[in-house]
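entry-v5.txt (compact mmCIF, C-alpha atoms)
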# COMPACT_ATOMS: atom_id res chain seq x y z
CA MET L 947 0.00 0.00 0.00
CA MET L 948 2.73 2.46 1.01
CA ARG L 949 4.51 1.70 -2.22
CA HIS L 950 1.52 3.09 -4.16
CA ILE L 951 0.83 6.02 -1.83
CA SER L 952 4.47 7.06 -2.00
CA LEU L 953 4.17 7.50 -5.79
CA VAL L 954 1.23 9.88 -5.41
CA LEU L 955 3.03 11.81 -2.65
CA VAL L 956 6.27 12.12 -4.65
CA GLY L 957 4.30 13.20 -7.73
CA ALA L 958 2.50 15.78 -5.58
CA LEU L 959 5.81 17.09 -4.20
CA PHE L 960 7.01 17.50 -7.80
CA GLY L 961 3.78 19.25 -8.85
CA ALA L 962 3.94 21.54 -5.80
CA GLY L 963 7.58 22.39 -6.56
CA LEU L 964 6.66 23.25 -10.15
CA ALA L 965 3.80 25.48 -8.94
CA LEU L 966 5.90 27.33 -6.34
CA SER L 967 8.87 27.77 -8.67
CA GLY L 968 6.96 29.56 -11.44
CA MET L 969 7.41 26.77 -13.99
CA LEU L 970 3.64 26.52 -14.54
CA ASN L 971 3.55 30.06 -15.93
CA PRO L 972 4.41 29.89 -19.66
CA SER L 973 5.12 33.63 -19.94
CA LYS L 974 7.58 33.42 -17.00
CA VAL L 975 9.35 30.49 -18.69
CA ALA L 976 9.59 32.51 -21.89
CA GLY L 977 10.86 35.46 -19.83
CA PHE L 978 13.73 33.25 -18.69
CA LEU L 979 14.44 32.11 -22.24
CA ASP L 980 14.33 35.71 -23.49
CA LEU L 981 18.04 36.42 -22.95
CA PHE L 982 17.99 39.33 -25.39
CA GLY L 983 14.94 41.06 -23.94
CA VAL L 984 14.10 41.95 -20.32
CA TRP L 985 15.50 38.81 -18.70
CA ASP L 986 13.92 37.03 -15.70
CA PRO L 987 16.68 34.77 -14.25
CA SER L 988 14.31 32.99 -11.81
CA LEU L 989 14.29 29.64 -13.57
CA ALA L 990 18.07 29.33 -13.24
CA PHE L 991 17.32 29.07 -9.50
CA VAL L 992 14.79 26.27 -10.16
CA MET L 993 17.29 24.28 -12.19
CA GLY L 994 20.13 25.04 -9.76
CA GLY L 995 18.15 24.07 -6.65
CA GLY L 996 16.81 20.91 -8.29
CA VAL L 997 20.11 19.69 -9.66
CA ILE L 998 22.06 20.41 -6.44
CA ALA L 999 19.48 18.71 -4.17
CA ASN L 1000 19.38 15.69 -6.47
CA PHE L 1001 23.17 15.64 -6.98
CA ILE L 1002 23.88 15.41 -3.24
CA GLY L 1003 21.16 12.88 -2.49
CA HIS L 1004 21.69 10.69 -5.56
CA ARG L 1005 25.12 9.64 -4.34
CA ILE L 1006 23.72 8.56 -0.97
CA VAL L 1007 20.62 6.83 -2.40
CA THR L 1008 22.35 4.78 -5.10
CA ARG L 1009 24.84 3.46 -2.54
CA ARG L 1010 22.00 1.20 -1.37
CA ALA L 1011 21.74 -2.30 -2.82
CA ALA L 1012 18.22 -1.60 -4.09
CA PRO L 1013 15.40 0.97 -3.84
CA LEU L 1014 12.74 0.53 -1.13
CA TYR L 1015 10.01 -1.06 -3.27
CA GLU L 1016 11.81 -2.54 -6.29
CA GLY L 1017 14.53 -5.09 -6.90
CA GLY L 1018 17.03 -2.70 -8.44
CA PHE L 1019 17.78 0.78 -9.70
CA ASN L 1020 16.64 1.49 -13.24
CA LEU L 1021 19.35 3.86 -14.51
CA PRO L 1022 19.78 4.89 -18.17
CA ALA L 1023 22.56 2.93 -19.86
CA ASN L 1024 22.62 4.87 -23.12
CA ARG L 1025 25.57 7.27 -23.26
CA SER L 1026 25.64 7.93 -26.99
CA ILE L 1027 25.63 11.49 -28.29
CA ASP L 1028 24.18 11.07 -31.75
CA ALA L 1029 21.99 12.75 -34.35
CA ARG L 1030 18.90 11.35 -32.67
CA LEU L 1031 19.70 12.99 -29.34
CA LEU L 1032 20.57 16.33 -30.95
CA SER L 1033 17.57 16.46 -33.29
CA GLY L 1034 15.15 15.40 -30.55
CA ALA L 1035 16.50 17.88 -27.99
CA GLY L 1036 16.61 20.60 -30.67
CA LEU L 1037 12.95 20.02 -31.59
CA PHE L 1038 11.90 19.95 -27.94
CA GLY L 1039 13.57 23.34 -27.38
CA ILE L 1040 11.61 24.87 -30.28
CA GLY L 1041 8.30 23.62 -28.83
CA TRP L 1042 9.29 24.72 -25.32
CA GLY L 1043 10.20 28.20 -26.54
CA LEU L 1044 6.93 28.51 -28.48
CA GLY L 1045 4.53 27.27 -25.81
CA GLY L 1046 6.51 28.00 -22.64
CA LEU L 1047 5.52 24.55 -21.38
CA CYS L 1048 7.62 21.42 -20.99
CA PRO L 1049 6.03 18.01 -20.20
CA GLY L 1050 5.96 18.24 -16.37
CA PRO L 1051 4.38 21.70 -16.08
CA ALA L 1052 1.94 20.88 -18.92
CA ILE L 1053 0.58 17.96 -16.87
CA SER L 1054 0.59 19.82 -13.54
CA SER L 1055 -1.38 22.75 -14.98
CA LEU L 1056 -4.09 20.49 -16.47
CA LEU L 1057 -6.58 21.12 -13.66
CA LEU L 1058 -5.64 24.81 -13.25
CA VAL L 1059 -6.17 26.14 -16.80
CA PRO L 1060 -8.26 23.39 -18.36
CA GLY L 1061 -8.76 24.70 -21.92
CA ASP L 1062 -5.24 25.54 -23.07
CA ALA L 1063 -3.45 22.85 -21.09
CA VAL L 1064 -5.74 20.03 -22.27
CA LEU L 1065 -5.17 20.88 -25.94
CA PHE L 1066 -1.41 21.20 -25.38
CA VAL L 1067 -1.21 17.90 -23.47
CA MET L 1068 -3.30 15.97 -26.02
CA MET L 1069 -1.03 17.12 -28.83
CA MET L 1070 2.04 16.43 -26.68
CA LEU L 1071 0.89 12.85 -26.03
CA ALA L 1072 0.27 12.42 -29.77
CA GLY L 1073 3.79 13.71 -30.45
CA LEU L 1074 5.23 11.31 -27.87
CA ALA L 1075 3.43 8.38 -29.49
CA VAL L 1076 4.60 9.36 -33.00
CA GLY L 1077 8.17 9.92 -31.77
CA ARG L 1078 8.26 6.53 -30.07
CA MET L 1079 6.91 4.82 -33.20
CA LEU L 1080 9.51 6.55 -35.38
CA THR L 1081 12.39 5.58 -33.12
CA SER L 1082 11.40 2.04 -32.19
CA GLY L 1083 13.00 0.04 -34.96
CA PRO L 1084 14.62 -3.40 -34.95
CA ALA L 1085 17.37 -1.93 -32.75
CA ALA L 1086 16.66 -1.98 -29.03
CA ARG L 1087 14.95 1.14 -27.81
CA PRO L 1088 17.14 2.95 -25.28
CA ALA L 1089 15.65 3.59 -21.85
CA PRO L 1090 13.95 7.00 -21.90
CA GLN L 1091 15.50 9.47 -19.49
CA GLY L 1092 12.90 12.15 -19.40
CA MET J 925 21.43 42.45 -20.62
CA VAL J 926 18.45 43.93 -18.78
CA ILE J 927 17.23 42.05 -15.69
CA ASP J 928 13.46 41.81 -15.17
CA PHE J 929 13.45 42.61 -11.43
CA ALA J 930 9.67 43.11 -11.40
CA ASN J 931 9.10 39.40 -12.07
CA PHE J 932 12.27 37.99 -10.45
CA THR J 933 11.37 35.40 -7.77
CA PRO J 934 14.69 33.94 -6.55
CA PHE J 935 13.44 32.52 -3.23
CA ALA J 936 10.22 30.87 -4.42
CA SER J 937 12.03 29.50 -7.46
CA LEU J 938 14.94 28.15 -5.39
CA ILE J 939 12.63 26.46 -2.86
CA GLY J 940 10.44 25.08 -5.69
CA GLY J 941 13.58 23.81 -7.43
CA VAL J 942 14.78 22.04 -4.27
CA MET J 943 11.32 20.42 -3.94
CA ILE J 944 11.62 19.19 -7.56
CA GLY J 945 15.10 17.81 -6.83
CA LEU J 946 13.84 16.08 -3.66
CA ALA J 947 10.97 14.51 -5.62
CA ALA J 948 13.47 13.11 -8.15
CA LEU J 949 15.55 11.79 -5.28
CA LEU J 950 12.58 10.17 -3.52
CA LEU J 951 11.41 8.47 -6.73
CA MET J 952 14.91 6.98 -7.10
CA LEU J 953 14.94 5.93 -3.43
CA SER J 954 11.46 4.39 -3.45
CA HIS J 955 11.15 2.90 -6.95
CA GLY J 956 14.61 3.19 -8.49
CA ARG J 957 13.24 5.27 -11.37
CA VAL J 958 14.50 8.39 -13.12
CA MET J 959 11.96 11.21 -12.72
CA GLY J 960 11.73 12.02 -16.41
CA ILE J 961 8.21 13.15 -17.24
CA SER J 962 8.32 12.60 -21.01
CA GLY J 963 9.58 9.06 -20.34
CA ILE J 964 6.93 8.43 -17.66
CA LEU J 965 4.19 9.67 -20.06
CA GLY J 966 5.66 7.79 -23.03
CA GLY J 967 5.35 4.55 -21.06
CA ILE J 968 1.63 5.31 -20.59
CA VAL J 969 0.72 6.22 -24.18
CA GLN J 970 2.77 3.36 -25.59
CA PRO J 971 3.56 0.78 -22.93
CA SER J 972 6.24 -1.77 -23.63
CA ASP J 973 4.96 -3.72 -20.62
CA ARG J 974 1.42 -3.48 -19.17
CA SER J 975 2.59 -4.03 -15.57
CA ASP J 976 4.78 -0.96 -15.99
CA VAL J 977 1.82 1.43 -16.38
CA PRO J 978 0.24 1.73 -12.87
CA TRP J 979 3.23 3.37 -11.12
CA ARG J 980 3.34 5.96 -13.89
CA LEU J 981 -0.37 6.78 -13.53
CA LEU J 982 -0.08 7.12 -9.74
CA PHE J 983 2.80 9.57 -10.16
CA VAL J 984 0.78 11.60 -12.68
CA VAL J 985 -2.17 11.73 -10.24
CA GLY J 986 0.20 13.25 -7.67
CA MET J 987 1.44 15.79 -10.22
CA LEU J 988 -2.16 16.91 -10.86
CA ILE J 989 -2.96 17.53 -7.17
CA GLY J 990 0.40 18.96 -6.03
CA PRO J 991 -0.25 22.54 -7.23
CA PHE J 992 -3.43 22.73 -5.12
CA ALA J 993 -1.35 22.31 -1.96
CA VAL J 994 0.64 25.40 -2.96
CA ILE J 995 -2.54 27.36 -3.76
CA HIS J 996 -3.90 26.40 -0.33
CA LEU J 997 -0.71 27.36 1.54
CA LEU J 998 -0.18 30.64 -0.31
CA GLY J 999 -3.86 31.50 -0.13
CA ARG J 1000 -3.90 32.77 -3.71
CA PRO J 1001 -4.08 31.30 -7.21
CA ILE J 1002 -0.94 30.50 -9.21
CA GLU J 1003 -0.20 33.04 -11.93
CA ILE J 1004 -0.54 31.46 -15.36
CA VAL J 1005 -0.23 33.70 -18.43
CA PRO J 1006 -0.14 31.89 -21.80
CA ASN J 1007 2.90 32.51 -23.96
CA THR J 1008 1.14 31.71 -27.20
CA THR J 1009 -2.41 31.29 -28.45
CA GLY J 1010 -4.18 30.04 -31.53
CA VAL J 1011 -2.72 27.36 -33.73
CA LEU J 1012 0.81 27.72 -32.34
CA LEU J 1013 -0.21 26.21 -28.99
CA PRO J 1014 -1.15 22.73 -30.28
CA VAL J 1015 1.82 22.86 -32.67
CA ALA J 1016 4.10 23.56 -29.69
CA GLY J 1017 2.56 20.66 -27.78
CA PHE J 1018 3.11 18.23 -30.63
CA VAL J 1019 6.73 19.36 -31.16
CA VAL J 1020 7.44 19.03 -27.42
CA GLY J 1021 6.10 15.46 -27.43
CA LEU J 1022 7.89 14.48 -30.64
CA GLY J 1023 11.21 16.04 -29.60
CA THR J 1024 11.28 14.54 -26.12
CA ALA J 1025 10.42 11.08 -27.47
CA VAL J 1026 13.16 11.23 -30.13
CA GLY J 1027 15.69 12.83 -27.76
CA SER J 1028 14.75 10.48 -24.88
CA GLY J 1029 14.16 13.22 -22.35
CA CYS J 1030 13.04 16.67 -21.30
CA THR J 1031 13.80 19.29 -18.65
CA SER J 1032 13.24 16.84 -15.80
CA GLY J 1033 14.92 13.70 -17.16
CA HIS J 1034 17.92 15.26 -18.89
CA GLY J 1035 17.93 18.44 -16.77
CA ILE J 1036 17.19 17.71 -13.11
CA CYS J 1037 18.17 14.01 -13.20
CA GLY J 1038 20.78 13.72 -15.96
CA LEU J 1039 22.82 16.72 -14.83
CA ALA J 1040 22.74 15.47 -11.21
CA ARG J 1041 24.19 12.15 -12.41
CA LEU J 1042 26.87 14.12 -14.31
CA SER J 1043 25.72 12.50 -17.57
CA VAL J 1044 27.54 14.04 -20.55
CA ARG J 1045 24.74 12.85 -22.85
CA SER J 1046 22.17 14.75 -20.79
CA ALA J 1047 24.37 17.84 -20.57
CA VAL J 1048 24.57 17.91 -24.38
CA ALA J 1049 20.78 17.49 -24.59
CA VAL J 1050 20.21 20.35 -22.09
CA GLY J 1051 22.62 22.63 -23.96
CA THR J 1052 20.85 21.81 -27.24
CA PHE J 1053 17.26 22.40 -26.07
CA MET J 1054 18.24 25.56 -24.17
CA LEU J 1055 19.87 26.91 -27.33
CA THR J 1056 16.94 26.21 -29.65
CA ALA J 1057 14.47 27.49 -27.01
CA VAL J 1058 16.38 30.78 -26.64
CA ILE J 1059 16.55 31.18 -30.43
CA THR J 1060 12.81 30.41 -30.75
CA VAL J 1061 11.86 32.99 -28.10
CA TYR J 1062 14.18 35.53 -29.75
CA ILE J 1063 12.47 35.02 -33.12
CA VAL J 1064 8.93 35.11 -31.66
CA ARG J 1065 9.50 38.16 -29.43
CA HIS J 1066 12.00 40.26 -31.37
CA VAL J 1067 11.90 39.30 -35.06
CA VAL J 1068 8.36 38.34 -36.10
Would you kindly transcribe this structure into structure tokens?
Amino acid sequence: MMRHISLVLVGALFGAGLALSGMLNPSKVAGFLDLFGVWDPSLAFVMGGGVIANFIGHRIVTRRAAPLYEGGFNLPANRSIDARLLSGAGLFGIGWGLGGLCPGPAISSLLLVPGDAVLFVMMMLAGLAVGRMLTSGPAARPAPQG
Amino acid sequence: MVIDFANFTPFASLIGGVMIGLAALLLMLSHGRVMGISGILGGIVQPSDRSDVPWRLLFVVGMLIGPFAVIHLLGRPIEIVPNTTGVLLPVAGFVVGLGTAVGSGCTSGHGICGLARLSVRSAVAVGTFMLTAVITVYIVRHVV
């Protein structure tokens, strides 16, 4: 039971962090990306705080033999820097810059601004499905990281 | 460079960021999973294994309710101002989904998690999507 409740609680902590940080506000995200306009550096603090907290804890957590509720840690094995990585990340940046929403904030704002967010998320899920179909060939599909 | 002090929220953003990092850490501690949202969603829309879907859905349920805790504590709604309207919004959504599926990650997976693991692959991905996002915003706000 706790193994299921913990997932909801951790998801809620993530959603609350997104809400407090300003990541749910597309115009604030664009204000951060607008380096050549009037620049709002706030989101550098989101990324900095998130990476540092995770960096410190990750070393302690993965020293364990296994996570609390699973048999082992599921860490990405793919290290290749190839055309697929660059084209995918490049495309994502274009969509992020246009809409001001990345996947996490798009989901967490679904119940706050129903109209816009629902349309964005439906198209995002369609894009995810198409992208996975395009990239799942005979070669093994690498473990998604994000 | 001109700093937008009127909208600058260093403390709320830092605390929110630490909460996001702690969530990533707790998901690794409890279930041994990378907190990458595009990957978590991708495994729902196109599961490679049916038994792999429930944990993803439970996490998404949490993501939906989390913001309401902040609204309750702050006692005011969260400011949400759209960056684009009309046909560009669904186009942006589709491109975000397509790009994160092809590039195996987004801001959370490559950013918060990949950078914390000192993954060179993720650092290259973050540099790439930051660059194209900055160029896109430049074109939309200052050229078109």
Inset, instruction - Find the spatial neighbours of J:Thr1056, counting only C-alpha atoms, within a cut-off of 9 Å - ignore same-chain residues fewer than 6 positions away - and output them as a list in words. - result: Ala1035, Gly1036, Leu1037, Phe1038, Gly1039, Ile1040, Trp1042 and Gly1043 of chain L
Legend entry - Nearest to L:Leu1058, chosen from L:Gly996, L:Gly983, L:Gly977, L:Gly961, with only C-alpha atoms counted in the distances: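 Looking at the shortest contact to L:Leu1058, the residue is L:Gly961.
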Just want the 7 Å neighbourhood of stretch 1028-1037 of chain J, counted on only C-alpha atoms, with same-chain residues fewer than 6 positions away dropped. Output as an mmCIF file with C-alpha atoms, in the coordinates of the input.
data_model
loop_
_atom_site.group_PDB
_atom_site.id
_atom_site.type_symbol
_atom_site.label_atom_id
_atom_site.label_comp_id
_atom_site.auth_asym_id
_atom_site.auth_seq_id
_atom_site.Cartn_x
_atom_site.Cartn_y
_atom_site.Cartn_z
ATOM 1 C CA MET L 993 17.290 24.280 -12.190
ATOM 2 C CA GLY L 996 16.810 20.910 -8.290
ATOM 3 C CA VAL L 997 20.110 19.690 -9.660
ATOM 4 C CA CYS L 1048 7.620 21.420 -20.990
ATOM 5 C CA PRO L 1090 13.950 7.000 -21.900
ATOM 6 C CA GLN L 1091 15.500 9.470 -19.490
ATOM 7 C CA GLY L 1092 12.900 12.150 -19.400
ATOM 8 C CA GLY J 945 15.100 17.810 -6.830
ATOM 9 C CA ALA J 948 13.470 13.110 -8.150
ATOM 10 C CA VAL J 958 14.500 8.390 -13.120
ATOM 11 C CA MET J 959 11.960 11.210 -12.720
ATOM 12 C CA GLY J 960 11.730 12.020 -16.410
ATOM 13 C CA ILE J 961 8.210 13.150 -17.240
ATOM 14 C CA SER J 962 8.320 12.600 -21.010
ATOM 15 C CA GLY J 963 9.580 9.060 -20.340
ATOM 16 C CA SER J 1046 22.170 14.750 -20.790
ATOM 17 C CA ALA J 1049 20.780 17.490 -24.590
ATOM 18 C CA VAL J 1050 20.210 20.350 -22.090
#
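Comparing J:Gly990, J:Val1020, J:Pro1001, J:Ser975 by their smallest distance to J:Phe1053, the closest is J:Val1020 (using only C-alpha atoms).
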Produce a table with one row for each residue of stretch 979-1083 of chain L that has an atom at most 7 Å from any atom of stretch 1058-1066 of chain J, each row naming the nearest atom pair and its distance in Å at one decimal; use all atoms listed in the file; arrange rows by chain and rising residue number; format as CSV.
residue,atom,partner,partner_atom,distance
L:Leu979,CA,J:Val1058,CA,5.0
L:Asp980,CA,J:Val1061,CA,5.9
L:Leu981,CA,J:Val1058,CA,6.9
L:Phe982,CA,J:Tyr1062,CA,6.9
L:Ile1040,CA,J:Thr1060,CA,5.7
L:Gly1043,CA,J:Val1061,CA,5.3
L:Leu1044,CA,J:Thr1060,CA,6.6
Inset, instruction - Name the residues in contact with L:Ala1075 at a cut-off of 12 Å, using only C-alpha atoms, excluding same-chain residues fewer than 2 positions from it; report them as number ranges by chain. - result: L: 1068-1073, 1077-1082; J: 962-963, 965-971, 1018-1026
Name all residues at most 10 Å from J:Arg1045 (count only C-alpha atoms; drop same-chain ones fewer than 5 positions away) and give them as a PDB file with C-alpha atoms, in the coordinates of the input.
ATOM      1  CA  ASN L1024      22.620   4.870 -23.120  1.00  0.00           C
ATOM      2  CA  ARG L1025      25.570   7.270 -23.260  1.00  0.00           C
ATOM      3  CA  SER L1026      25.640   7.930 -26.990  1.00  0.00           C
ATOM      4  CA  ILE L1027      25.630  11.490 -28.290  1.00  0.00           C
ATOM      5  CA  ASP L1028      24.180  11.070 -31.750  1.00  0.00           C
ATOM      6  CA  LEU L1031      19.700  12.990 -29.340  1.00  0.00           C
ATOM      7  CA  LEU L1032      20.570  16.330 -30.950  1.00  0.00           C
TER       8      LEU L1032
ATOM      9  CA  HIS J1034      17.920  15.260 -18.890  1.00  0.00           C
ATOM     10  CA  GLY J1038      20.780  13.720 -15.960  1.00  0.00           C
ATOM     11  CA  LEU J1039      22.820  16.720 -14.830  1.00  0.00           C
ATOM     12  CA  VAL J1050      20.210  20.350 -22.090  1.00  0.00           C
TER      13      VAL J1050
END
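Atom CA of L:Leu955 to atom CA of L:Leu1047 spans 22.8 Å [interatomic distance, one decimal].
The two atoms in question, atom CA of J:Leu982 and atom CA of L:Pro972, are spaced 25.2 Å apart.
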Legend entry - Among the residues L:Gly1034, L:Pro1022, L:Pro1060, L:Gly1017, the one that comes closest to chain J [using only C-alpha atoms]: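 Closest residue, counting only C-alpha atoms: L:Gly1034.
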Inset, instruction - Record the distance separating atom CA of J:Ser954 and atom CA of L:Leu1014, expressed in Å with one decimal. - result: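 Pair atom CA of J:Ser954 / atom CA of L:Leu1014 returns 4.7 Å.
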